[in-house]
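Q: Please read through the structure below; I'll follow up with questions.
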Amino acid sequence: MSIEYIKSNGMDIAILTGPEKTVVDAASALELAMTARYEAGAERLVIDKDSVAEDFFVLSTGLAGEVLQKFINYHIKAAIWGDFSRYTSKPLKDFIYESNHGKDFFFVETKEEAVRRLAEAR
């Protein structure tokens with residue numbers, strides 16, 4: 001795992017990349033968020049989809065809900081970037097749609113778009 005810290009539009013943002021799965025449960029997601037907060041004061045996370053366990057994208061596992069609840073409880077905004085086109089589940093598509101119309105959690109195609117959305121989110 002690699003975490004890069006940047007500032008965009010006055011916001012401190014942590015960018016997580018790496019081939020290994022880092023977000024595998026609610027505890028690991030919270031650990032990532034707290035690392036970003038305490039190392040750089042970042043309350044916004046850009047997460048590479050490849051760093052997220054596949055169970056996150058199967059809504060019936062409850063992992064996505066648990067992770068989002070942790071982020072909301074700790075005032076963390078996040079965006080997962082990557083290719084989501086292979087997922088055909090209607091509930092997941094609806095979840096992505098609703099998330100993208102909110103202001104706390106986004107699913108986008110590129111890292112640059114993730115940074116932009118988080119930098120603009122209030």
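Numbering starts fresh at 1 for the residues of each chain in the structure tokens, the chains themselves are lettered A, B, ... in the order given, and ligands are numbered from 1 as they appear.
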For range 78-88 of chain A, please output as an MDAnalysis selection string all residues within 10 Å (counting only C-alpha atoms; exclusion window: fewer than 4 positions along the same chain).
A: chainID A and resid 13:16 33 43:52 57:58 68 71:72 92:93 96 99:100 103:118
Q: If we count only C-alpha atoms, what is near Gly41 in chain A at a cut-off of 10 Å, once residues fewer than 3 positions away on the same chain are taken out, given as a list in words?
A: Tyr5, Met11, Asp12, Ile13, Ala14, Met34, Thr35, Ala36, Arg37, Tyr38 and Arg44 of chain A
Q: Do you know which residues are at most 7 Å from range 21-26 of chain A counting only C-alpha atoms, after dropping those on the same chain fewer than 3 positions away, and could you put them as a PyMOL selection string?
A: chain A and resi 29-30+50-53+63+66-67+70
Q: Store the residues picked out above, limited to C-alpha atoms, as an mmCIF file, in the first residue's frame.
A:
data_model
loop_
_atom_site.group_PDB
_atom_site.id
_atom_site.type_symbol
_atom_site.label_atom_id
_atom_site.label_comp_id
_atom_site.auth_asym_id
_atom_site.auth_seq_id
_atom_site.Cartn_x
_atom_site.Cartn_y
_atom_site.Cartn_z
ATOM 1 C CA ALA A 29 -11.194 1.005 6.283
ATOM 2 C CA LEU A 30 -11.267 2.894 9.583
ATOM 3 C CA ASP A 50 -8.028 -2.633 -6.794
ATOM 4 C CA SER A 51 -7.315 -1.934 -3.098
ATOM 5 C CA VAL A 52 -10.888 -2.830 -2.109
ATOM 6 C CA ALA A 53 -12.048 -6.387 -1.384
ATOM 7 C CA LEU A 63 -19.300 -4.638 3.822
ATOM 8 C CA GLU A 66 -20.248 -0.991 7.245
ATOM 9 C CA VAL A 67 -17.411 0.912 5.569
ATOM 10 C CA LYS A 70 -17.512 4.162 9.624
#
Q: State, in Å with one decimal place, the distance from CA of Asp55 in chain A to CA of Gln69 in chain A.
A: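 Between CA of Asp55 in chain A and CA of Gln69 in chain A the gap works out to 16.0 Å.
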Q: Among range 21-119 of chain A, which ones does DSSP assign to strand (DSSP E) (computed from the backbone)? Answer as number ranges by chain.
A: A: 44-48, 77-81, 105-108
Q: Which residue is closest to Phe56 in chain A? Choose from A:Ile3, A:Phe95, A:Ile76, A:Glu120 and count only C-alpha atoms.
A: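 Among the listed residues, the smallest separation from Phe56 in chain A belongs to A:Phe95.
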Q: DSSP on the backbone, then: every residue of range 58-87 of chain A marked helix (DSSP H, G or I), written as a ChimeraX atom specification.
A: /A:59-61,63-73
Q: Atoms to include: N, CA and C atoms. Write the selected residues as a CSV table (one decimal), in the first residue's frame.
A:
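Listed below is the output, again-v3.csv:
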chain,number,residue,atom,x,y,z
A,59,LEU,N,-23.4,-6.3,-2.3
A,59,LEU,CA,-24.0,-5.5,-1.3
A,59,LEU,C,-24.6,-6.5,-0.2
A,60,SER,N,-25.0,-7.7,-0.5
A,60,SER,CA,-25.5,-8.6,0.5
A,60,SER,C,-24.5,-9.0,1.6
A,61,THR,N,-23.2,-8.7,1.3
A,61,THR,CA,-22.3,-9.0,2.4
A,61,THR,C,-22.3,-8.0,3.5
A,63,LEU,N,-20.6,-5.3,3.7
A,63,LEU,CA,-19.3,-4.6,3.8
A,63,LEU,C,-19.4,-3.2,3.4
A,64,ALA,N,-20.0,-2.9,2.3
A,64,ALA,CA,-20.1,-1.5,1.8
A,64,ALA,C,-20.8,-0.6,2.8
A,65,GLY,N,-21.9,-1.1,3.3
A,65,GLY,CA,-22.6,-0.4,4.4
A,65,GLY,C,-21.8,-0.1,5.6
A,66,GLU,N,-21.1,-1.1,6.0
A,66,GLU,CA,-20.2,-1.0,7.2
A,66,GLU,C,-19.1,0.0,7.0
A,67,VAL,N,-18.5,0.0,5.9
A,67,VAL,CA,-17.4,0.9,5.6
A,67,VAL,C,-18.0,2.3,5.5
A,68,LEU,N,-19.0,2.5,4.8
A,68,LEU,CA,-19.6,3.9,4.6
A,68,LEU,C,-20.1,4.4,6.0
A,69,GLN,N,-20.6,3.6,6.8
A,69,GLN,CA,-21.0,4.0,8.2
A,69,GLN,C,-19.8,4.5,9.0
A,70,LYS,N,-18.7,3.7,8.9
A,70,LYS,CA,-17.5,4.2,9.6
A,70,LYS,C,-17.0,5.5,9.1
A,71,PHE,N,-17.0,5.7,7.8
A,71,PHE,CA,-16.5,6.9,7.2
A,71,PHE,C,-17.5,8.1,7.6
A,72,ILE,N,-18.8,7.9,7.6
A,72,ILE,CA,-19.7,8.9,8.0
A,72,ILE,C,-19.5,9.3,9.5
A,73,ASN,N,-19.4,8.2,10.3
A,73,ASN,CA,-19.3,8.5,11.8
A,73,ASN,C,-18.0,9.3,12.1
Q: Any idea what the distance is between CA of Glu54 in chain A and CA of Ile6 in chain A?
A: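 A separation of 27.2 Å between them.
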